[in-house]
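Data block below; observations after.
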Amino acid sequence: MTQCPMKSLFERIGGIDAIRATVVKLYERLLTDGRLSPFFEGIDIETLRRSQNAFLTMATGGPNNYTGEGLRHAHARLVKVGLSDEHFDAVITHMGEAMSELGVEKSLINEAAALVETTRADVLNK
Ligand code: HEM
């Protein structure tokens, strides 16, 4: 059967369970990657959860409460201490690998990556 084009990426990926599983795997990866983990030092678990939830809704085109300004503000301190394109790229790669491990098909991973890509200038305060 052909995929209905109106179905959101969120639904096509497999709904809330698939998304939660992706986020758990993604943050495990981020926190154990020596290039990225220093940025998460001292961040409390509640903030991390908010960032996870916002990240996943953005990555799947769901409704989110973050404007570009919100993302700029949330990462401004990190940019001052060196957050750059290479870190952003690494997060996108980890997200793709986490999804791949969970059996999400490549075309959907590419769609999610393209959605995350739209936040680059804001996250990196460019
Ligand atoms: C790739 C696109 C990204 C998105 C969509 C995103 C999303 C978010 C959001 C929505 C928040 C705010 C949470 C809150 O209000 O409490 C946040 C905070 C945070 N993000 Fe990101 N993020 C991205 C990239 C990154 C990268 C590349 C890093 C570092 C490697 C990072 C590290 C953090 C940290 C440490 C915080 C907490 C900041 C603080 O409270 O001081 N994020 N992120």
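Chains: A, B, ... in order of the structure tokens. Residues: from 1 per chain. Ligands: from 1, in order shown.
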What residues have any atom no more than 8 Å from ligand 1 when counting only C-alpha atoms and all ligand atoms, and can you list them as a VMD selection string? chain A and resid 30 35 to 41 43 to 44 46 to 56 58 to 59 66 70 to 71 74 to 75 77 to 78 83 to 85 87 to 92 116 to 117 119 to 120 123
I need the chosen residues saved as a short mmCIF file (atom, residue, chain, number, x, y, z; two decimals), in the first residue's frame, with N, CA and C atoms.
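Result file follows (out_21.cif):
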data_model
loop_
_atom_site.label_atom_id
_atom_site.label_comp_id
_atom_site.auth_asym_id
_atom_site.auth_seq_id
_atom_site.Cartn_x
_atom_site.Cartn_y
_atom_site.Cartn_z
N LEU A 30 25.08 10.49 23.14
CA LEU A 30 25.63 11.83 23.31
C LEU A 30 26.44 11.93 24.60
N ARG A 35 33.43 13.94 22.63
CA ARG A 35 33.39 15.27 22.00
C ARG A 35 32.20 16.07 22.49
N LEU A 36 31.11 15.33 22.90
CA LEU A 36 29.85 16.00 23.23
C LEU A 36 29.55 16.06 24.72
N SER A 37 29.98 15.02 25.44
CA SER A 37 29.61 14.93 26.86
C SER A 37 30.02 16.15 27.70
N PRO A 38 31.15 16.83 27.41
CA PRO A 38 31.51 17.99 28.24
C PRO A 38 30.42 19.07 28.25
N PHE A 39 29.67 19.18 27.14
CA PHE A 39 28.63 20.21 27.08
C PHE A 39 27.45 19.90 28.00
N PHE A 40 27.33 18.65 28.38
CA PHE A 40 26.20 18.25 29.22
C PHE A 40 26.56 18.19 30.70
N GLU A 41 27.81 18.53 31.01
CA GLU A 41 28.25 18.48 32.41
C GLU A 41 27.47 19.48 33.25
N ILE A 43 24.37 19.68 33.78
CA ILE A 43 22.99 19.92 33.35
C ILE A 43 22.07 18.99 34.15
N ASP A 44 21.00 19.54 34.73
CA ASP A 44 20.15 18.66 35.54
C ASP A 44 19.23 17.82 34.66
N GLU A 46 16.09 17.20 34.65
CA GLU A 46 14.84 17.80 34.16
C GLU A 46 15.09 18.62 32.89
N THR A 47 16.16 19.39 32.89
CA THR A 47 16.51 20.19 31.71
C THR A 47 16.81 19.26 30.54
N LEU A 48 17.53 18.19 30.86
CA LEU A 48 17.87 17.23 29.82
C LEU A 48 16.61 16.60 29.22
N ARG A 49 15.65 16.27 30.08
CA ARG A 49 14.39 15.70 29.58
C ARG A 49 13.65 16.67 28.68
N ARG A 50 13.62 17.94 29.11
CA ARG A 50 12.94 18.95 28.27
C ARG A 50 13.63 19.03 26.91
N SER A 51 14.96 19.02 26.96
CA SER A 51 15.69 19.12 25.71
C SER A 51 15.45 17.89 24.83
N GLN A 52 15.37 16.73 25.47
CA GLN A 52 15.08 15.48 24.72
C GLN A 52 13.71 15.56 24.05
N ASN A 53 12.72 15.96 24.83
CA ASN A 53 11.36 16.01 24.29
C ASN A 53 11.26 17.01 23.15
N ALA A 54 11.86 18.19 23.37
CA ALA A 54 11.81 19.21 22.32
C ALA A 54 12.54 18.70 21.09
N PHE A 55 13.67 18.06 21.32
CA PHE A 55 14.47 17.54 20.21
C PHE A 55 13.65 16.55 19.37
N LEU A 56 13.00 15.63 20.05
CA LEU A 56 12.26 14.60 19.30
C LEU A 56 11.06 15.17 18.57
N MET A 58 10.80 18.17 17.41
CA MET A 58 11.34 18.91 16.26
C MET A 58 11.77 17.96 15.16
N ALA A 59 12.49 16.92 15.57
CA ALA A 59 13.07 15.99 14.60
C ALA A 59 12.01 15.22 13.82
N TYR A 66 9.43 25.48 21.13
CA TYR A 66 10.64 26.27 20.98
C TYR A 66 10.67 27.06 19.70
N GLY A 70 14.26 30.77 21.27
CA GLY A 70 14.38 29.85 22.41
C GLY A 70 15.59 28.95 22.26
N LEU A 71 15.79 28.45 21.05
CA LEU A 71 16.93 27.56 20.79
C LEU A 71 18.23 28.33 20.89
N ALA A 74 18.88 28.85 24.57
CA ALA A 74 19.25 27.62 25.29
C ALA A 74 20.70 27.21 25.02
N HIS A 75 21.24 27.57 23.85
CA HIS A 75 22.59 27.12 23.50
C HIS A 75 23.65 28.21 23.52
N ARG A 77 25.18 29.85 25.86
CA ARG A 77 26.29 29.60 26.78
C ARG A 77 27.24 28.54 26.20
N LEU A 78 26.66 27.52 25.55
CA LEU A 78 27.48 26.42 24.98
C LEU A 78 28.31 26.91 23.81
N LEU A 83 30.73 25.29 21.29
CA LEU A 83 29.79 24.47 20.50
C LEU A 83 29.82 24.93 19.04
N SER A 84 30.03 24.00 18.11
CA SER A 84 30.19 24.39 16.71
C SER A 84 29.59 23.34 15.77
N ASP A 85 29.78 23.58 14.47
CA ASP A 85 29.21 22.70 13.44
C ASP A 85 29.59 21.23 13.64
N HIS A 87 30.03 19.58 16.32
CA HIS A 87 29.21 18.97 17.37
C HIS A 87 27.79 18.75 16.86
N PHE A 88 27.30 19.74 16.13
CA PHE A 88 25.96 19.63 15.55
C PHE A 88 25.90 18.44 14.60
N ASP A 89 26.92 18.31 13.74
CA ASP A 89 26.98 17.18 12.79
C ASP A 89 27.01 15.85 13.55
N ALA A 90 27.77 15.82 14.64
CA ALA A 90 27.90 14.57 15.41
C ALA A 90 26.55 14.17 16.01
N VAL A 91 25.77 15.16 16.46
CA VAL A 91 24.45 14.85 17.02
C VAL A 91 23.55 14.26 15.93
N ILE A 92 23.59 14.84 14.73
CA ILE A 92 22.77 14.31 13.62
C ILE A 92 23.20 12.88 13.28
N VAL A 116 15.99 18.41 11.59
CA VAL A 116 16.93 18.89 12.62
C VAL A 116 17.86 19.94 12.01
N GLU A 117 18.24 19.71 10.77
CA GLU A 117 19.14 20.63 10.06
C GLU A 117 18.60 22.07 10.07
N THR A 119 17.42 23.71 12.31
CA THR A 119 17.65 24.42 13.57
C THR A 119 19.12 24.86 13.71
N ARG A 120 19.98 24.47 12.74
CA ARG A 120 21.43 24.68 12.90
C ARG A 120 21.81 26.14 13.24
N VAL A 123 20.65 27.04 16.82
CA VAL A 123 21.40 26.34 17.88
C VAL A 123 22.82 26.89 17.98
#
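The closest residue to A:Asp33, picked from A:Gly62, A:His94, A:Phe10, A:Asn110 and counting only C-alpha atoms, is A:His94.
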Neighbour list for A:Leu102 as a list in words, cut-off 9 Å, only C-alpha atoms, skip fewer than 2 positions in-chain: Ala18, Ala21, Thr22, Glu97, Ala98, Met99, Ser100 and Val104 of chain A
Take the residues from that selection and write them out as a PDB file, in the first residue's frame, keeping N, CA and C atoms.
ATOM      1  N   ALA A  18       8.407   4.345  19.447  1.00  0.00           N
ATOM      2  CA  ALA A  18       9.620   4.381  18.623  1.00  0.00           C
ATOM      3  C   ALA A  18      10.416   5.648  18.906  1.00  0.00           C
ATOM      4  N   ALA A  21      12.133   5.397  22.342  1.00  0.00           N
ATOM      5  CA  ALA A  21      13.274   4.478  22.252  1.00  0.00           C
ATOM      6  C   ALA A  21      14.450   5.171  21.562  1.00  0.00           C
ATOM      7  N   THR A  22      14.136   5.952  20.531  1.00  0.00           N
ATOM      8  CA  THR A  22      15.190   6.671  19.814  1.00  0.00           C
ATOM      9  C   THR A  22      15.882   7.663  20.732  1.00  0.00           C
ATOM     10  N   GLU A  97      22.173   6.949  13.561  1.00  0.00           N
ATOM     11  CA  GLU A  97      22.608   5.611  13.960  1.00  0.00           C
ATOM     12  C   GLU A  97      21.659   4.999  14.990  1.00  0.00           C
ATOM     13  N   ALA A  98      21.178   5.834  15.906  1.00  0.00           N
ATOM     14  CA  ALA A  98      20.232   5.341  16.918  1.00  0.00           C
ATOM     15  C   ALA A  98      18.958   4.844  16.230  1.00  0.00           C
ATOM     16  N   MET A  99      18.478   5.618  15.272  1.00  0.00           N
ATOM     17  CA  MET A  99      17.256   5.223  14.545  1.00  0.00           C
ATOM     18  C   MET A  99      17.491   3.958  13.734  1.00  0.00           C
ATOM     19  N   SER A 100      18.648   3.900  13.097  1.00  0.00           N
ATOM     20  CA  SER A 100      18.986   2.747  12.281  1.00  0.00           C
ATOM     21  C   SER A 100      19.011   1.472  13.129  1.00  0.00           C
ATOM     22  N   VAL A 104      14.527   1.882  11.918  1.00  0.00           N
ATOM     23  CA  VAL A 104      13.835   2.921  11.140  1.00  0.00           C
ATOM     24  C   VAL A 104      14.465   2.966   9.750  1.00  0.00           C
TER      25      VAL A 104
END
For a test of reading the model, state the distance in Å between atom CA of A:Ile13 and atom CA of A:Leu108, rounded to one decimal. 6.9 Å
So which residues of stretch 30-60 of chain A fall under alpha helix (DSSP H) by DSSP, listed as a PyMOL selection string? chain A and resi 30-32+45-59
Give the answer as one residue: which of A:Leu9, A:Val81, A:Met95, A:Ala76 has the shortest atom-to-atom distance to A:Gly61, using only C-alpha atoms? A:Leu9
Could you jot down the atom CA of A:Ser8 to atom CA of A:His73 separation for me, Å, one decimal place? 28.0 Å
In Å, how far is it from atom CA of A:Val79 to atom CA of A:Leu124? 6.2 Å
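With distances restricted to only C-alpha atoms, A:Thr93 is the closest residue to A:Arg29 from A:Thr57, A:Asn125, A:Asn64, A:Thr93.
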